[in-house]
$ cat my_file-v3.tsv   # TSV, C-alpha atoms
chain	number	residue	atom	x	y	z
A	1	MET	CA	42.48	33.33	57.60
A	2	LEU	CA	40.31	31.18	59.84
A	3	GLY	CA	37.20	32.74	58.34
A	4	LEU	CA	38.43	31.99	54.83
A	5	ALA	CA	39.21	28.40	55.79
A	6	VAL	CA	35.76	27.93	57.29
A	7	THR	CA	34.17	29.42	54.18
A	8	ALA	CA	36.20	27.17	51.89
A	9	ALA	CA	35.29	24.13	53.97
A	10	GLY	CA	31.63	25.10	53.80
A	11	ILE	CA	31.75	25.47	50.02
A	12	ALA	CA	33.52	22.12	49.68
A	13	ALA	CA	30.94	20.41	51.90
A	14	ALA	CA	28.09	21.95	49.92
A	15	SER	CA	29.68	20.79	46.67
A	16	VAL	CA	30.03	17.23	47.96
A	17	ALA	CA	26.44	17.25	49.24
A	18	GLY	CA	25.19	18.54	45.90
A	19	TYR	CA	27.11	15.86	44.04
A	20	GLN	CA	25.77	13.13	46.30
A	21	SER	CA	22.18	14.32	45.78
A	22	MET	CA	22.38	14.22	41.97
A	23	ALA	CA	25.13	11.86	40.75
A	24	PRO	CA	23.69	8.51	39.57
A	25	SER	CA	26.39	6.43	41.26
A	26	ALA	CA	26.43	8.32	44.58
A	27	GLN	CA	25.44	6.25	47.62
A	28	TRP	CA	26.04	8.73	50.46
A	29	TYR	CA	22.34	9.35	51.18
A	30	GLY	CA	21.31	5.71	50.86
A	31	LYS	CA	21.76	2.70	48.64
A	32	THR	CA	20.37	2.87	45.12
A	33	PHE	CA	20.71	0.32	42.33
A	34	THR	CA	22.83	1.54	39.42
A	35	ARG	CA	24.42	-1.48	37.72
A	36	ILE	CA	25.82	-4.97	38.23
A	37	ASN	CA	29.45	-6.03	37.91
A	38	ARG	CA	31.35	-4.21	35.18
A	39	GLY	CA	31.96	-6.51	32.23
A	40	ALA	CA	28.80	-8.59	32.68
A	41	ARG	CA	27.23	-9.41	29.32
A	42	LYS	CA	23.90	-7.89	30.26
A	43	LEU	CA	22.37	-4.49	29.58
A	44	ALA	CA	19.14	-2.98	30.90
A	45	LEU	CA	17.37	-0.38	28.77
A	46	THR	CA	15.33	2.11	30.79
A	47	TYR	CA	13.09	4.93	29.58
A	48	ASP	CA	11.84	7.90	31.59
A	49	ASP	CA	8.98	10.41	31.28
A	50	GLY	CA	6.37	8.34	29.45
A	51	PRO	CA	3.91	7.23	28.45
A	52	ASN	CA	4.27	9.55	25.49
A	53	ASP	CA	1.97	9.43	22.50
A	54	PRO	CA	3.09	8.42	19.85
A	55	TYR	CA	6.77	7.74	20.63
A	56	THR	CA	6.29	5.13	23.34
A	57	LEU	CA	4.28	3.12	20.82
A	58	HIS	CA	7.02	3.52	18.20
A	59	LEU	CA	9.53	2.31	20.76
A	60	LEU	CA	7.34	-0.70	21.52
A	61	GLU	CA	7.56	-1.66	17.85
A	62	VAL	CA	11.39	-1.50	17.89
A	63	LEU	CA	11.62	-3.54	21.10
A	64	ALA	CA	9.22	-6.13	19.70
A	65	LYS	CA	11.24	-6.38	16.47
A	66	HIS	CA	14.33	-7.32	18.48
A	67	ASP	CA	12.43	-9.32	21.13
A	68	VAL	CA	13.97	-7.18	23.89
A	69	PRO	CA	12.35	-6.22	27.22
A	70	ALA	CA	12.84	-2.81	28.83
A	71	THR	CA	11.92	-0.89	31.97
A	72	PHE	CA	9.78	2.26	31.79
A	73	PHE	CA	9.65	4.85	34.59
A	74	LEU	CA	6.30	6.57	34.15
A	75	ILE	CA	4.94	9.98	35.12
A	76	GLY	CA	1.61	9.51	36.88
A	77	ARG	CA	-0.27	12.32	35.18
A	78	TYR	CA	0.62	10.89	31.78
A	79	VAL	CA	-0.45	7.43	32.93
A	80	GLN	CA	-3.86	8.89	33.67
A	81	GLN	CA	-3.96	10.49	30.21
A	82	ARG	CA	-2.80	7.40	28.28
A	83	PRO	CA	-3.54	4.27	30.36
A	84	ALA	CA	-3.96	2.19	27.20
A	85	ILE	CA	-0.28	2.72	26.34
A	86	VAL	CA	0.73	1.51	29.80
A	87	ARG	CA	-1.39	-1.60	29.31
A	88	GLU	CA	0.38	-2.22	25.99
A	89	LEU	CA	3.76	-1.96	27.72
A	90	VAL	CA	2.82	-4.54	30.32
A	91	LYS	CA	1.18	-6.89	27.80
A	92	ALA	CA	4.42	-6.83	25.80
A	93	GLY	CA	6.39	-7.99	28.85
A	94	HIS	CA	8.01	-4.71	29.83
A	95	VAL	CA	8.34	-3.45	33.39
A	96	VAL	CA	6.82	-0.16	34.52
A	97	GLY	CA	7.98	1.86	37.51
A	98	ASN	CA	7.29	5.07	39.45
A	99	HIS	CA	8.71	8.41	38.23
A	100	THR	CA	6.46	10.59	40.44
A	101	PHE	CA	3.14	12.15	39.46
A	102	THR	CA	4.29	15.47	37.95
A	103	HIS	CA	8.12	15.14	37.77
A	104	PRO	CA	9.27	17.71	40.37
A	105	GLN	CA	12.83	18.05	41.66
A	106	LEU	CA	12.32	16.10	44.88
A	107	ILE	CA	15.30	17.55	46.75
A	108	PHE	CA	13.28	20.78	47.04
A	109	GLN	CA	10.03	19.10	48.10
A	110	SER	CA	8.74	18.71	51.67
A	111	PRO	CA	8.26	15.21	53.09
A	112	THR	CA	4.50	15.59	52.63
A	113	GLN	CA	4.96	16.58	48.98
A	114	ILE	CA	7.38	13.72	48.33
A	115	ARG	CA	4.98	11.19	49.78
A	116	ALA	CA	2.09	12.62	47.75
A	117	GLN	CA	4.09	12.51	44.49
A	118	LEU	CA	5.12	8.88	44.93
A	119	SER	CA	1.76	7.69	46.21
A	120	ALA	CA	-0.19	9.39	43.42
A	121	CYS	CA	2.02	7.85	40.75
A	122	THR	CA	1.71	4.38	42.30
A	123	PHE	CA	-2.07	4.79	42.41
A	124	ALA	CA	-2.19	5.86	38.74
A	125	VAL	CA	-0.09	2.89	37.60
A	126	ASN	CA	-2.04	0.40	39.73
A	127	ASP	CA	-5.30	1.82	38.39
A	128	ALA	CA	-4.09	1.32	34.82
A	129	VAL	CA	-2.48	-2.14	35.07
A	130	GLY	CA	-2.87	-3.46	38.60
A	131	VAL	CA	-0.02	-3.99	41.05
A	132	HIS	CA	3.22	-4.18	39.10
A	133	SER	CA	6.84	-3.45	40.05
A	134	ASN	CA	8.03	-1.50	43.09
A	135	LEU	CA	10.75	0.35	41.17
A	136	PHE	CA	11.20	4.10	41.62
A	137	ARG	CA	13.43	6.57	39.81
A	138	PRO	CA	13.67	10.16	41.12
A	139	PRO	CA	13.24	12.88	38.49
A	140	PHE	CA	16.58	14.39	37.43
A	141	GLY	CA	18.18	11.79	39.73
A	142	GLY	CA	17.61	14.18	42.64
A	143	ARG	CA	17.40	12.65	46.07
A	144	ARG	CA	18.19	13.43	49.66
A	145	PRO	CA	17.78	11.22	52.74
A	146	ALA	CA	14.07	12.05	53.09
A	147	VAL	CA	13.40	11.03	49.46
A	148	LEU	CA	14.94	7.60	49.87
A	149	ARG	CA	13.45	7.08	53.33
A	150	ILE	CA	9.91	7.88	52.16
A	151	ALA	CA	10.32	5.78	49.03
A	152	ARG	CA	11.28	2.76	51.11
A	153	GLU	CA	8.48	3.42	53.60
A	154	LEU	CA	6.13	3.15	50.61
A	155	GLY	CA	7.75	-0.12	49.55
A	156	LEU	CA	9.60	1.39	46.59
A	157	GLU	CA	13.09	0.41	45.41
A	158	PRO	CA	15.22	3.35	44.15
A	159	VAL	CA	16.90	2.77	40.78
A	160	MET	CA	19.45	5.03	39.10
A	161	TRP	CA	21.66	4.30	36.06
A	162	SER	CA	25.26	3.93	34.88
A	163	VAL	CA	25.01	5.02	31.21
A	164	THR	CA	23.36	8.24	30.02
A	165	GLY	CA	22.11	8.82	26.48
A	166	TYR	CA	21.77	12.61	26.97
A	167	ASP	CA	18.61	12.53	24.88
A	168	TRP	CA	16.40	14.84	26.96
A	169	ASN	CA	17.26	17.88	24.81
A	170	PRO	CA	16.90	18.07	21.02
A	171	THR	CA	19.71	15.96	19.55
A	172	THR	CA	20.48	13.40	16.86
A	173	ARG	CA	20.54	9.63	16.76
A	174	GLU	CA	24.29	9.70	16.11
A	175	ARG	CA	25.01	11.81	19.20
A	176	ILE	CA	22.96	9.52	21.41
A	177	GLN	CA	24.84	6.53	19.99
A	178	ARG	CA	28.23	8.14	20.64
A	179	HIS	CA	27.32	9.00	24.21
A	180	MET	CA	26.24	5.45	24.94
A	181	THR	CA	29.07	3.58	23.25
A	182	ARG	CA	31.65	5.68	25.14
A	183	GLN	CA	30.12	4.58	28.44
A	184	ILE	CA	28.90	1.00	28.00
A	185	ARG	CA	31.19	-1.56	29.64
A	186	GLY	CA	28.69	-4.31	30.42
A	187	GLY	CA	26.37	-4.74	33.38
A	188	ASP	CA	24.94	-1.28	32.73
A	189	VAL	CA	21.58	0.33	33.33
A	190	ILE	CA	21.05	2.69	30.38
A	191	LEU	CA	19.07	5.93	30.79
A	192	LEU	CA	16.98	7.08	27.82
A	193	HIS	CA	13.67	8.93	27.45
A	194	ASP	CA	10.50	7.97	25.62
A	195	GLY	CA	8.75	11.17	26.74
A	196	GLY	CA	9.30	14.65	28.13
A	197	HIS	CA	8.14	15.90	31.50
A	198	VAL	CA	6.96	19.27	30.16
A	199	ALA	CA	4.31	18.04	27.74
A	200	MET	CA	2.81	15.01	26.03
A	201	GLY	CA	4.04	14.48	22.48
A	202	THR	CA	7.70	15.46	23.01
A	203	ASP	CA	9.68	14.33	19.96
A	204	ARG	CA	11.69	11.21	20.85
A	205	SER	CA	12.15	9.90	17.31
A	206	HIS	CA	15.95	10.08	17.67
A	207	THR	CA	15.80	7.96	20.83
A	208	VAL	CA	13.67	5.39	19.02
A	209	ALA	CA	16.18	5.23	16.15
A	210	ALA	CA	19.15	5.06	18.54
A	211	THR	CA	17.49	2.20	20.42
A	212	ASP	CA	17.11	0.22	17.20
A	213	TRP	CA	20.80	0.69	16.40
A	214	LEU	CA	21.96	0.01	19.96
A	215	ILE	CA	20.14	-3.31	20.30
A	216	ALA	CA	21.37	-4.56	16.93
A	217	ARG	CA	24.98	-3.67	17.71
A	218	TYR	CA	25.19	-5.08	21.20
A	219	LYS	CA	23.22	-8.22	20.46
A	220	GLN	CA	25.74	-8.90	17.71
A	221	GLU	CA	28.49	-8.53	20.34
A	222	GLY	CA	26.83	-11.14	22.54
A	223	TYR	CA	25.02	-8.96	25.06
A	224	GLU	CA	21.66	-9.92	26.56
A	225	PHE	CA	19.07	-7.23	27.18
A	226	VAL	CA	17.11	-7.64	30.42
A	227	THR	CA	14.72	-5.68	32.61
A	228	VAL	CA	15.97	-3.96	35.75
A	229	PRO	CA	14.32	-6.57	38.03
A	230	GLU	CA	16.00	-9.33	36.03
A	231	MET	CA	19.33	-7.57	36.42
A	232	MET	CA	18.68	-7.24	40.15
A	233	GLY	CA	17.76	-10.92	40.36
A	234	LYS	CA	14.18	-10.19	41.32
A	235	VAL	CA	10.84	-11.40	39.96
A	236	VAL	CA	8.21	-8.84	38.99
A	237	ARG	CA	4.72	-9.36	40.33
A	238	GLN	CA	2.36	-9.82	37.41
A	239	ALA	CA	-0.21	-7.09	36.83
A	240	SER	CA	-3.67	-8.23	37.80
A	241	ALA	CA	-5.67	-5.79	35.69
A	242	VAL	CA	-4.19	-6.70	32.31
A	243	SER	CA	-5.59	-9.67	30.43

$ encode --input "my_file-v3.tsv" --output "structure tokens"
Amino acid sequence: MLGLAVTAAGIAAASVAGYQSMAPSAQWYGKTFTRINRGARKLALTYDDGPNDPYTLHLLEVLAKHDVPATFFLIGRYVQQRPAIVRELVKAGHVVGNHTFTHPQLIFQSPTQIRAQLSACTFAVNDAVGVHSNLFRPPFGGRRPAVLRIARELGLEPVMWSVTGYDWNPTTRERIQRHMTRQIRGGDVILLHDGGHVAMGTDRSHTVAATDWLIARYKQEGYEFVTVPEMMGKVVRQASAVS
């Protein structure tokens, strides 16, 4: 019986540890920003896995139509492939952040690998647009103490989310909309994707269409769309390499 109890306790502990390493709102391994007070009339749109040609550019058009800023967490290798898109994002007033260089699951990476992934992405972004934000989002939301410690040693601020669009797999605009409206309560950081970590050119047309609908609906309800730094009450350093 004692052996069974020890085994059960071990399984329970592993389950809790796994939850804390992946759940967006979990704070066990270190503080991460996920949202502001529930009910606040602000929303922050965030997009992962870009820049992605052509869908990031299509998304830029939608955001410009509504005069809404957003926050983009970029994969370093794609930044190197499409630096002009990153420059367009910054010129339009959007914020860009670090989403690692190749999008690995960081909970399985060594400290040396974690540091290399974050540093290489920061270098790619700085090379494209100059020093910009210090925001960092771990791929898949995966983090353990070493991930957050190394990120902060590199001057990066971990950012998660409170609303998920579930748009990383093939889906429809209507499904993305339903997912988001069920979760939005105000003060939310919304997770969407303008790219895919497997390859450039991943179809995100449904995300673009859902964004158009989402902004129109929630602006009509009196919500203000802001960047993550604005929601955090911080000022973004202006990029020096973008005219």

$ residues_around --input "my_file-v3.tsv" --residues "range 36-39 of chain A" --least-positions-apart "6" --cutoff "6 Å" --atoms "all atoms listed in the file" --output "ChimeraX atom specification"
/A:185-187

$ write_last_selection --input "my_file-v3.tsv" --atoms "C-alpha atoms" --output "PDB file, in the frame of the given file"
ATOM      1  CA  ARG A 185      31.190  -1.560  29.640  1.00  0.00           C
ATOM      2  CA  GLY A 186      28.690  -4.310  30.420  1.00  0.00           C
ATOM      3  CA  GLY A 187      26.370  -4.740  33.380  1.00  0.00           C
TER       4      GLY A 187
END

$ residues_around --input "my_file-v3.tsv" --residues "Leu106 in chain A" --least-positions-apart "6" --cutoff "7 Å" --atoms "all atoms listed in the file" --output "list in words"
Ile114, Gly142, Arg143 and Val147 of chain A

$ closest_residue --input "my_file-v3.tsv" --among "A:Thr32, A:Gln27, A:Gln80, A:Ser205" --to "Ala128 in chain A" --atoms "all atoms listed in the file"
A:Gln80

$ closest_residue --input "my_file-v3.tsv" --among "A:Phe136, A:Tyr29, A:Phe72, A:Phe123" --to "Asn52 in chain A" --atoms "only C-alpha atoms"
A:Phe72

$ residues_around --input "my_file-v3.tsv" --residues "Leu148 in chain A" --least-positions-apart "4" --cutoff "9 Å" --atoms "all atoms listed in the file" --output "PDB file with C-alpha atoms, in the coordinates of the input"
ATOM      1  CA  TYR A  29      22.340   9.350  51.180  1.00  0.00           C
ATOM      2  CA  GLY A  30      21.310   5.710  50.860  1.00  0.00           C
ATOM      3  CA  LYS A  31      21.760   2.700  48.640  1.00  0.00           C
ATOM      4  CA  THR A  32      20.370   2.870  45.120  1.00  0.00           C
ATOM      5  CA  ARG A 143      17.400  12.650  46.070  1.00  0.00           C
ATOM      6  CA  ARG A 144      18.190  13.430  49.660  1.00  0.00           C
ATOM      7  CA  ARG A 152      11.280   2.760  51.110  1.00  0.00           C
ATOM      8  CA  GLU A 153       8.480   3.420  53.600  1.00  0.00           C
ATOM      9  CA  LEU A 156       9.600   1.390  46.590  1.00  0.00           C
ATOM     10  CA  GLU A 157      13.090   0.410  45.410  1.00  0.00           C
ATOM     11  CA  PRO A 158      15.220   3.350  44.150  1.00  0.00           C
TER      12      PRO A 158
END

$ closest_residue --input "my_file-v3.tsv" --among "A:Ala151, A:Ala40, A:Val95, A:Leu60" --to "Tyr223 in chain A" --atoms "all atoms listed in the file"
A:Ala40

$ residues_near_point --input "my_file-v3.tsv" --point "(11.8, -1.9, 15.9)" --cutoff "12 Å" --atoms "all atoms listed in the file" --output "ChimeraX atom specification"
/A:55-68,205,207-216

$ axis_aligned_box --input "my_file-v3.tsv" --around "range 187-197 of chain A" --padding-each-side "3 Å" --output "AutoDock Vina command-line options"
--center_x 17.3 --center_y 5.6 --center_z 29.5 --size_x 24.2 --size_y 26.6 --size_z 13.8

$ atom_distance --input "my_file-v3.tsv" --atom1 "CA of Glu224 in chain A" --atom2 "CA of Ile176 in chain A"
20.2 Å

$ atom_distance --input "my_file-v3.tsv" --atom1 "CA of Ala92 in chain A" --atom2 "CA of Gly76 in chain A"
19.9 Å

$ residues_around --input "my_file-v3.tsv" --residues "Ile107 in chain A" --least-positions-apart "3" --cutoff "10 Å" --atoms "only C-alpha atoms" --output "number ranges by chain"
A: 18, 21-22, 104, 110-111, 114, 138-147

$ write_last_selection --input "my_file-v3.tsv" --atoms "C-alpha atoms" --output "PDB file, in the coordinates of the input"
ATOM      1  CA  GLY A  18      25.190  18.540  45.900  1.00  0.00           C
ATOM      2  CA  SER A  21      22.180  14.320  45.780  1.00  0.00           C
ATOM      3  CA  MET A  22      22.380  14.220  41.970  1.00  0.00           C
ATOM      4  CA  PRO A 104       9.270  17.710  40.370  1.00  0.00           C
ATOM      5  CA  SER A 110       8.740  18.710  51.670  1.00  0.00           C
ATOM      6  CA  PRO A 111       8.260  15.210  53.090  1.00  0.00           C
ATOM      7  CA  ILE A 114       7.380  13.720  48.330  1.00  0.00           C
ATOM      8  CA  PRO A 138      13.670  10.160  41.120  1.00  0.00           C
ATOM      9  CA  PRO A 139      13.240  12.880  38.490  1.00  0.00           C
ATOM     10  CA  PHE A 140      16.580  14.390  37.430  1.00  0.00           C
ATOM     11  CA  GLY A 141      18.180  11.790  39.730  1.00  0.00           C
ATOM     12  CA  GLY A 142      17.610  14.180  42.640  1.00  0.00           C
ATOM     13  CA  ARG A 143      17.400  12.650  46.070  1.00  0.00           C
ATOM     14  CA  ARG A 144      18.190  13.430  49.660  1.00  0.00           C
ATOM     15  CA  PRO A 145      17.780  11.220  52.740  1.00  0.00           C
ATOM     16  CA  ALA A 146      14.070  12.050  53.090  1.00  0.00           C
ATOM     17  CA  VAL A 147      13.400  11.030  49.460  1.00  0.00           C
TER      18      VAL A 147
END

$ residues_around --input "my_file-v3.tsv" --residues "Tyr47 in chain A" --least-positions-apart "6" --cutoff "6 Å" --atoms "all atoms listed in the file" --output "ChimeraX atom specification"
/A:72,192-194

$ closest_residue --input "my_file-v3.tsv" --among "A:Phe225, A:Leu89, A:Ile150, A:Asp48" --to "Tyr166 in chain A" --atoms "all atoms listed in the file"
A:Asp48

$ closest_residue --input "my_file-v3.tsv" --among "A:Ala124, A:Arg217, A:Met200, A:Arg149" --to "Thr181 in chain A" --atoms "all atoms listed in the file"
A:Arg217

$ atom_distance --input "my_file-v3.tsv" --atom1 "CA of His99 in chain A" --atom2 "CA of Ala70 in chain A"
15.2 Å

$ closest_residue --input "my_file-v3.tsv" --among "A:Val131, A:Ile190, A:Val79, A:Ile184" --to "Gly165 in chain A" --atoms "only C-alpha atoms"
A:Ile190
